[in-house]
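**Student:** mmCIF, C-alpha atoms, file entry06.cif:
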data_entry
loop_
_atom_site.label_atom_id
_atom_site.label_comp_id
_atom_site.auth_asym_id
_atom_site.auth_seq_id
_atom_site.Cartn_x
_atom_site.Cartn_y
_atom_site.Cartn_z
CA MET A 61 -101.36 18.58 -149.55
CA ALA A 62 -104.41 19.70 -151.30
CA THR A 63 -103.60 21.02 -154.73
CA LEU A 64 -105.73 22.32 -157.59
CA ILE A 65 -104.32 22.22 -161.10
CA ASN A 66 -106.05 23.62 -164.14
CA VAL A 67 -104.59 22.52 -167.48
CA PRO A 68 -106.78 22.21 -170.59
CA ALA A 69 -107.38 18.53 -171.35
CA LYS A 70 -107.12 19.12 -175.08
CA ALA A 71 -105.39 21.72 -177.21
CA ARG A 72 -104.37 22.23 -180.82
CA ARG A 73 -100.66 22.19 -181.58
CA GLY A 74 -99.29 25.70 -181.24
CA ASP A 75 -102.10 26.97 -179.02
CA ILE A 76 -101.13 29.22 -176.14
CA ILE A 77 -102.61 27.60 -173.05
CA GLU A 78 -103.06 28.97 -169.56
CA ILE A 79 -102.01 26.85 -166.60
CA ARG A 80 -103.34 27.68 -163.15
CA THR A 81 -102.12 26.12 -159.94
CA LEU A 82 -103.21 26.49 -156.33
CA THR A 83 -101.69 24.61 -153.43
CA SER A 84 -102.49 24.75 -149.75
CA HIS A 85 -99.71 26.20 -147.64
CA ILE A 86 -99.68 28.52 -144.65
CA MET A 87 -96.91 30.79 -146.09
CA GLU A 88 -95.98 31.98 -142.60
CA THR A 89 -94.02 35.16 -143.17
CA GLY A 90 -91.56 34.96 -140.28
CA PHE A 91 -92.44 38.55 -139.38
CA ARG A 92 -95.41 37.83 -137.14
CA HIS A 93 -95.37 37.52 -133.36
CA THR A 94 -97.54 35.51 -131.00
CA MET A 95 -99.50 37.29 -128.26
CA ALA A 96 -96.61 36.40 -125.93
CA GLY A 97 -94.19 38.25 -128.19
CA ALA A 98 -92.32 35.26 -129.63
CA LEU A 99 -91.46 35.43 -133.32
CA VAL A 100 -93.32 32.87 -135.43
CA PRO A 101 -90.64 31.19 -137.55
CA ARG A 102 -90.82 31.54 -141.32
CA ASP A 103 -92.44 28.65 -143.18
CA ILE A 104 -92.99 29.42 -146.84
CA ILE A 105 -92.76 27.83 -150.26
CA THR A 106 -89.63 29.28 -151.83
CA SER A 107 -89.71 27.80 -155.28
CA PHE A 108 -92.13 26.48 -157.89
CA ILE A 109 -91.22 24.65 -161.09
CA CYS A 110 -93.40 23.46 -163.95
CA ARG A 111 -92.02 20.90 -166.41
CA TYR A 112 -93.68 19.88 -169.68
CA ASN A 113 -92.57 16.40 -170.71
CA GLY A 114 -89.42 16.90 -168.66
CA THR A 115 -88.54 20.39 -169.95
CA GLU A 116 -88.84 23.33 -167.59
CA VAL A 117 -91.41 25.78 -168.95
CA PHE A 118 -91.95 28.01 -165.92
CA ARG A 119 -90.21 28.65 -162.64
CA ALA A 120 -90.87 31.06 -159.78
CA ASP A 121 -89.05 32.19 -156.64
CA LEU A 122 -91.57 33.00 -153.94
CA PHE A 123 -91.11 35.29 -150.94
CA PRO A 124 -93.15 35.92 -147.76
CA ALA A 125 -95.10 38.56 -149.70
CA ILE A 126 -96.92 35.80 -151.59
CA ALA A 127 -100.34 35.18 -150.00
CA ALA A 128 -101.16 31.95 -148.16
CA ASN A 129 -102.16 29.05 -150.42
CA PRO A 130 -100.03 30.28 -153.34
CA TYR A 131 -101.88 30.74 -156.62
CA LEU A 132 -99.92 30.98 -159.84
CA SER A 133 -101.14 31.35 -163.38
CA PHE A 134 -98.88 31.36 -166.43
CA PHE A 135 -98.84 30.43 -170.10
CA THR A 136 -97.09 27.99 -172.39
CA ILE A 137 -97.41 26.75 -175.95
CA ALA A 138 -99.01 23.32 -176.45
CA LYS A 139 -96.41 21.35 -178.39
CA GLU A 140 -97.15 17.69 -177.90
CA SER A 141 -99.33 15.35 -175.88
CA GLY A 142 -97.89 14.49 -172.54
CA LYS A 143 -97.61 15.46 -168.97
CA PHE A 144 -97.13 18.64 -166.96
CA GLU A 145 -95.33 18.11 -163.70
CA PHE A 146 -95.46 20.66 -160.90
CA GLU A 147 -93.17 20.91 -157.93
CA TRP A 148 -93.29 23.14 -154.88
CA ILE A 149 -90.24 23.38 -152.62
CA GLY A 150 -90.17 25.22 -149.32
CA ASP A 151 -88.79 25.76 -145.83
CA ASN A 152 -88.31 22.87 -143.40
CA GLY A 153 -87.77 20.40 -146.25
CA TYR A 154 -91.24 21.00 -147.70
CA SER A 155 -91.79 19.39 -151.07
CA SER A 156 -94.96 18.60 -152.94
CA THR A 157 -95.67 17.51 -156.51
CA ALA A 158 -98.63 17.24 -158.84
CA SER A 159 -99.15 16.44 -162.48
CA ALA A 160 -101.70 16.86 -165.25
CA SER A 161 -101.91 15.43 -168.77
CA ILE A 162 -102.77 17.14 -172.01
CA THR A 163 -103.74 15.80 -175.42
CA VAL A 164 -102.39 17.89 -178.28
CA GLU A 165 -103.89 17.38 -181.72
CA MET B 127 -97.22 76.83 -115.48
CA PRO B 128 -98.67 78.66 -118.46
CA ASN B 129 -100.80 81.45 -117.18
CA THR B 130 -102.16 82.82 -120.43
CA ARG B 131 -104.22 81.14 -123.07
CA ARG B 132 -101.48 81.80 -125.67
CA GLN B 133 -98.80 80.12 -123.57
CA PHE B 134 -101.08 77.18 -122.92
CA LEU B 135 -101.84 76.68 -126.62
CA SER B 136 -98.22 76.85 -127.68
CA LEU B 137 -97.31 74.31 -125.01
CA ALA B 138 -100.15 72.01 -126.08
CA GLY B 139 -99.01 72.37 -129.69
CA SER B 140 -95.44 71.35 -128.92
CA VAL B 141 -96.64 68.31 -126.96
CA THR B 142 -98.66 67.21 -129.98
CA VAL B 143 -95.66 67.59 -132.28
CA ALA B 144 -93.44 65.64 -129.89
CA GLY B 145 -96.14 63.00 -129.60
CA THR B 146 -96.10 62.27 -133.32
CA ILE B 147 -92.39 61.46 -133.48
CA PRO B 148 -92.65 58.01 -131.83
CA MET B 149 -95.50 57.19 -134.24
CA VAL B 150 -93.04 57.25 -137.11
CA THR B 151 -90.45 55.06 -135.40
CA LEU B 152 -93.08 52.53 -134.35
CA ARG B 153 -92.74 50.71 -137.64
CA PRO B 154 -89.19 49.40 -137.85
CA LEU B 155 -90.28 46.30 -139.77
CA GLU B 156 -90.62 48.17 -142.99
CA ALA B 157 -88.56 47.96 -146.12
CA THR B 158 -87.31 51.42 -146.97
CA PRO B 159 -87.08 52.85 -150.47
CA ALA B 160 -83.32 52.26 -150.08
CA MET B 161 -83.91 48.54 -149.51
CA LEU B 162 -86.18 48.53 -152.55
CA ALA B 163 -83.45 50.14 -154.64
CA THR B 164 -80.87 47.63 -153.35
CA ALA B 165 -83.14 44.69 -154.13
CA ILE B 166 -83.75 46.02 -157.63
CA ARG B 167 -80.02 46.56 -158.20
CA GLY B 168 -79.44 42.98 -157.01
CA VAL B 169 -81.47 41.76 -159.97
CA VAL B 170 -80.69 44.38 -162.57
CA GLY B 171 -77.06 45.15 -161.75
CA GLU B 172 -75.81 48.34 -163.35
CA ALA B 173 -78.01 48.05 -166.44
CA PRO B 174 -80.31 50.98 -167.18
CA ILE B 175 -84.01 50.43 -166.47
CA HIS B 176 -86.44 51.72 -169.07
CA THR B 177 -90.03 52.60 -168.33
CA GLY B 178 -92.80 50.89 -170.25
CA LYS B 179 -93.76 47.56 -171.86
CA VAL B 180 -94.76 46.12 -168.48
CA LYS B 181 -98.27 46.32 -167.06
CA ILE B 182 -99.43 45.62 -163.50
CA ASP B 183 -103.07 44.75 -162.97
CA ILE B 184 -103.75 45.26 -159.27
CA PRO B 185 -106.69 46.84 -157.45
CA PRO B 186 -105.85 50.49 -156.62
CA LEU B 187 -107.67 50.16 -153.28
CA VAL B 188 -107.63 46.93 -151.29
CA GLU B 189 -109.44 46.32 -148.02
CA ASN B 190 -107.35 43.35 -146.94
CA GLY B 191 -103.64 43.28 -147.67
CA ASN B 192 -103.45 39.55 -146.90
CA THR B 193 -104.48 38.52 -150.37
CA VAL B 194 -104.27 40.95 -153.25
CA PRO B 195 -104.73 39.56 -156.77
CA MET B 196 -102.06 40.78 -159.17
CA THR B 197 -101.37 40.15 -162.84
CA ILE B 198 -98.18 41.24 -164.56
CA SER B 199 -98.04 41.27 -168.34
CA VAL B 200 -95.32 42.37 -170.72
CA ALA B 201 -95.83 43.59 -174.28
CA SER B 202 -93.59 41.13 -176.12
CA PRO B 203 -94.04 39.08 -179.31
CA MET B 204 -92.63 36.05 -177.41
CA THR B 205 -90.75 34.69 -180.42
CA ALA B 206 -87.53 32.66 -180.32
CA THR B 207 -85.47 35.84 -180.72
CA ASP B 208 -87.56 38.35 -178.79
CA TYR B 209 -89.09 37.12 -175.56
CA VAL B 210 -89.29 37.86 -171.85
CA LYS B 211 -86.71 36.03 -169.74
CA SER B 212 -88.00 36.96 -166.33
CA ILE B 213 -90.36 39.19 -164.38
CA HIS B 214 -89.36 40.47 -160.95
CA VAL B 215 -91.87 42.08 -158.58
CA PHE B 216 -90.92 44.31 -155.66
CA ASN B 217 -92.69 46.37 -153.04
CA GLU B 218 -91.74 49.41 -151.07
CA LYS B 219 -93.00 48.87 -147.53
CA ASN B 220 -93.36 45.18 -146.68
CA PRO B 221 -90.72 43.88 -144.24
CA GLN B 222 -88.86 42.50 -147.24
CA PRO B 223 -88.70 44.21 -150.64
CA ASN B 224 -89.09 41.08 -152.81
CA ILE B 225 -92.45 39.68 -153.84
CA GLY B 226 -91.54 37.12 -156.48
CA ASN B 227 -89.33 36.26 -159.45
CA PHE B 228 -90.93 34.53 -162.41
CA TYR B 229 -88.86 32.89 -165.14
CA LEU B 230 -90.31 32.54 -168.61
CA ASN B 231 -88.87 31.43 -171.94
CA ALA B 232 -89.48 31.63 -175.68
CA SER B 233 -92.10 28.88 -175.52
CA SER B 234 -94.20 30.63 -172.90
CA GLY B 235 -96.35 32.07 -175.70
CA ARG B 236 -97.62 34.96 -173.61
CA ALA B 237 -95.66 37.00 -171.09
CA GLN B 238 -98.25 37.08 -168.34
CA VAL B 239 -98.17 35.85 -164.75
CA SER B 240 -100.85 36.08 -162.06
CA THR B 241 -100.63 35.45 -158.35
CA ARG B 242 -101.94 36.75 -155.03
CA ILE B 243 -99.72 38.83 -152.81
CA ARG B 244 -99.56 40.39 -149.37
CA LEU B 245 -99.17 44.11 -148.81
CA ALA B 246 -98.29 45.46 -145.39
CA ASP B 247 -99.15 49.06 -146.12
CA THR B 248 -100.27 51.57 -148.68
CA GLN B 249 -97.35 51.53 -151.04
CA LYS B 250 -95.82 51.16 -154.48
CA VAL B 251 -95.46 47.86 -156.31
CA VAL B 252 -92.72 47.70 -158.91
CA ALA B 253 -92.52 45.11 -161.70
CA ILE B 254 -89.37 44.73 -163.79
CA ALA B 255 -89.10 42.56 -166.90
CA ARG B 256 -85.87 41.27 -168.35
CA LEU B 257 -86.13 40.73 -172.08
CA SER B 258 -84.09 38.32 -174.20
CA ASP B 259 -81.79 41.18 -175.27
CA ASP B 260 -81.05 41.77 -171.56
CA THR B 261 -82.78 45.15 -171.41
CA PHE B 262 -84.89 45.90 -168.33
CA TRP B 263 -88.32 47.49 -168.36
CA GLN B 264 -90.29 48.57 -165.35
CA VAL B 265 -93.64 49.88 -164.26
CA THR B 266 -94.90 51.08 -160.89
CA ALA B 267 -98.39 50.80 -159.42
CA ASP B 268 -99.73 52.53 -156.33
CA VAL B 269 -101.95 50.55 -154.00
CA VAL B 270 -103.90 51.86 -151.04
CA VAL B 271 -104.26 49.21 -148.33
CA THR B 272 -106.72 49.61 -145.47
CA LEU B 273 -105.93 46.41 -143.52
CA ALA B 274 -102.27 45.46 -143.46
CA ALA B 275 -100.75 42.01 -143.80
CA CYS B 276 -97.55 40.35 -142.61
CA THR B 277 -96.86 41.74 -139.18
CA GLU B 278 -100.10 41.38 -137.28
CA GLU B 279 -100.22 39.29 -134.12
CA MET B 280 -101.00 35.63 -134.39
CA ASN B 281 -104.01 34.50 -132.37
#
I need this file expressed as structure tokens, please.
**Tutor:**
Amino acid sequence: MATLINVPAKARRGDIIEIRTLTSHIMETGFRHTMAGALVPRDIITSFICRYNGTEVFRADLFPAIAANPYLSFFTIAKESGKFEFEWIGDNGYSSTASASITVE
Amino acid sequence: MPNTRRQFLSLAGSVTVAGTIPMVTLRPLEATPAMLATAIRGVVGEAPIHTGKVKIDIPPLVENGNTVPMTISVASPMTATDYVKSIHVFNEKNPQPNIGNFYLNASSGRAQVSTRIRLADTQKVVAIARLSDDTFWQVTADVVVTLAACTEEMN
């Protein structure tokens, strides 16, 4: 799945950094009908987790009211060089991951 | 048969009134303010909800409810002893009252979250923040939506 991650490559220790993530997903609400009247089953991402060197720094529960291709932006404090890992979990066993590294001086 | 103009007009008027009643019931797929209150109580429990500290940045008028940018921020020092634990966002008239729950911690640095949401109708958006002392703070924003999301037919 196509995913865009925006994490600053470099930061000073103690800086507050913004992390932006965008992943492609239909986020089908489960409330729409086809022309024939059949209900389109729900298919959404239900949960997002961001870990910084293994520690959870941000988590979100998503609902059908989140727009398609979920965009999330949040903040954390740059503590040490390492890796941000992102995980999206959804309906029908959907799971997708991404990662980004940061150098903290 | 109405044989005077007055009788005709009063009959026409009552038909119009009767005609508007089905219009209201045509939208069963709508969260009611009661569902909103239940969803909020599900998160908050019996705790009192204060007004303030939280800010919703959302366009007051959106043309397309399918993707509405929204930023929630909370006035908090975000220190180890005074920080925002979570932010919960609700709506009044989508089929489901929840929009999202966002969990922060003392090392978040800034209590601010942005995302893009769907709005099925002109309605209220409610954001509630839970602080580290387990107090709840809320703010409400009104959004006018001209093209609804969520329940349209799929082509």
**Student:** With the file shown as input, list the residues that the PyMOL selection byres ((chain A and resi 119) around 9) selects, as a list in words.
**Tutor:**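 What the PyMOL selection byres ((chain A and resi 119) around 9) grabs from the file is Ser107, Phe108, Ile109, Cys110, Arg111, Glu116, Val117, Phe118, Ala120 and Asp121 of chain A; Asn227, Phe228, Tyr229 and Leu230 of chain B.
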**Student:** Written as a list in words, what is the full residue list that the PyMOL selection byres ((chain A) within 7 of (chain B)) yields on the file shown?
**Tutor:**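 Written out, the selection comes to Ile76, Thr89, Phe91, Arg92, His93, Thr94, Met95, Val117, Phe118, Arg119, Ala120, Asp121, Leu122, Phe123, Ala125, Ile126, Ala127, Pro130, Tyr131, Leu132, Ser133, Phe134, Phe135, Thr136 and Ile137 of chain A.
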**Student:** Evaluated on this file, the PyMOL selection byres ((chain B and resi 163) around 12) picks out some residues - which ones are they, written as a list of chain:residue names?
**Tutor:**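 Applied to this file, the PyMOL selection byres ((chain B and resi 163) around 12) returns B:Ala157, B:Thr158, B:Pro159, B:Ala160, B:Met161, B:Leu162, B:Thr164, B:Ala165, B:Ile166, B:Arg167, B:Gly168, B:Val169, B:Val170, B:Gly171, B:Glu172, B:Ile175, B:Phe216, B:Asn217, B:Glu218, B:Lys219, B:Gln222, B:Pro223, B:Asn224, B:Val252.
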**Student:** Pick out the closest residue to A:Phe144 from this set: A:Asp103, A:Ile162, A:Ala71, A:Glu78. Count all atoms listed in the file.
**Tutor:**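 Looking only at the distances to A:Phe144, the closest residue turns out to be A:Ile162.
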**Student:** Could you state the separation of atom CA of B:Val180 and atom CA of A:Arg73 in Å, given to one decimal place?
**Tutor:**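 Going from atom CA of B:Val180 over to atom CA of A:Arg73 covers 27.9 Å.
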**Student:** To one decimal place, how far is atom CA of B:Val210 from atom CA of B:Ala173 in Å?
**Tutor:**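 Spanning atom CA of B:Val210 to atom CA of B:Ala173 is a straight-line distance of 16.1 Å.
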**Student:** Could you list, as number ranges by chain, every residue within 10 Å of B:Thr207, counting all atoms listed in the file and ignoring same-chain residues fewer than 6 positions away?
**Tutor:** B: 232, 257-259
**Student:** Using all atoms listed in the file, which of A:Asn129, A:Ile104, A:Ile79, A:Val164 sits nearest A:Glu145?
**Tutor:** A:Ile79
**Student:** Rounded to one decimal in Å, what is the spacing between atom CA of A:Pro124 and atom CA of B:Ser199?
**Tutor:**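 Going from atom CA of A:Pro124 over to atom CA of B:Ser199, I get 21.8 Å.
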**Student:** Please provide as a VMD selection string all residues within 10 Å of B:Lys179, with the sequence filter that same-chain residues fewer than 6 positions apart are discarded (counting only C-alpha atoms).
**Tutor:** chain B and resid 199 to 202 254 to 255 262 to 265
**Student:** Working from the structure I just supplied, which lacks atoms in stretch 107-119 of chain A, can you model N, CA and C atoms there and output them as an mmCIF file, in the coordinates of the input?
**Tutor:**
data_model
loop_
_atom_site.group_PDB
_atom_site.id
_atom_site.type_symbol
_atom_site.label_atom_id
_atom_site.label_comp_id
_atom_site.auth_asym_id
_atom_site.auth_seq_id
_atom_site.Cartn_x
_atom_site.Cartn_y
_atom_site.Cartn_z
ATOM 1 N N SER A 107 -89.955 28.000 -153.865
ATOM 2 C CA SER A 107 -89.710 27.800 -155.280
ATOM 3 C C SER A 107 -90.794 26.924 -155.901
ATOM 4 N N PHE A 108 -91.134 27.241 -157.136
ATOM 5 C CA PHE A 108 -92.130 26.480 -157.890
ATOM 6 C C PHE A 108 -91.568 26.221 -159.287
ATOM 7 N N ILE A 109 -91.729 24.999 -159.754
ATOM 8 C CA ILE A 109 -91.220 24.650 -161.090
ATOM 9 C C ILE A 109 -92.316 23.889 -161.831
ATOM 10 N N CYS A 110 -92.485 24.222 -163.106
ATOM 11 C CA CYS A 110 -93.400 23.460 -163.950
ATOM 12 C C CYS A 110 -92.602 22.879 -165.113
ATOM 13 N N ARG A 111 -92.695 21.569 -165.290
ATOM 14 C CA ARG A 111 -92.020 20.900 -166.410
ATOM 15 C C ARG A 111 -93.059 20.302 -167.340
ATOM 16 N N TYR A 112 -92.774 20.402 -168.646
ATOM 17 C CA TYR A 112 -93.680 19.880 -169.680
ATOM 18 C C TYR A 112 -92.899 18.797 -170.394
ATOM 19 N N ASN A 113 -93.301 17.560 -170.195
ATOM 20 C CA ASN A 113 -92.570 16.400 -170.710
ATOM 21 C C ASN A 113 -91.077 16.497 -170.372
ATOM 22 N N GLY A 114 -90.798 16.885 -169.150
ATOM 23 C CA GLY A 114 -89.420 16.900 -168.660
ATOM 24 C C GLY A 114 -88.680 18.206 -168.862
ATOM 25 N N THR A 115 -89.213 19.111 -169.700
ATOM 26 C CA THR A 115 -88.540 20.390 -169.950
ATOM 27 C C THR A 115 -89.162 21.473 -169.087
ATOM 28 N N GLU A 116 -88.316 22.251 -168.422
ATOM 29 C CA GLU A 116 -88.840 23.330 -167.590
ATOM 30 C C GLU A 116 -89.478 24.394 -168.463
ATOM 31 N N VAL A 117 -90.744 24.723 -168.185
ATOM 32 C CA VAL A 117 -91.410 25.780 -168.950
ATOM 33 C C VAL A 117 -91.695 27.018 -168.104
ATOM 34 N N PHE A 118 -91.683 26.861 -166.787
ATOM 35 C CA PHE A 118 -91.950 28.010 -165.920
ATOM 36 C C PHE A 118 -91.345 27.732 -164.550
ATOM 37 N N ARG A 119 -90.778 28.792 -163.972
ATOM 38 C CA ARG A 119 -90.210 28.650 -162.640
ATOM 39 C C ARG A 119 -90.453 29.950 -161.887
#
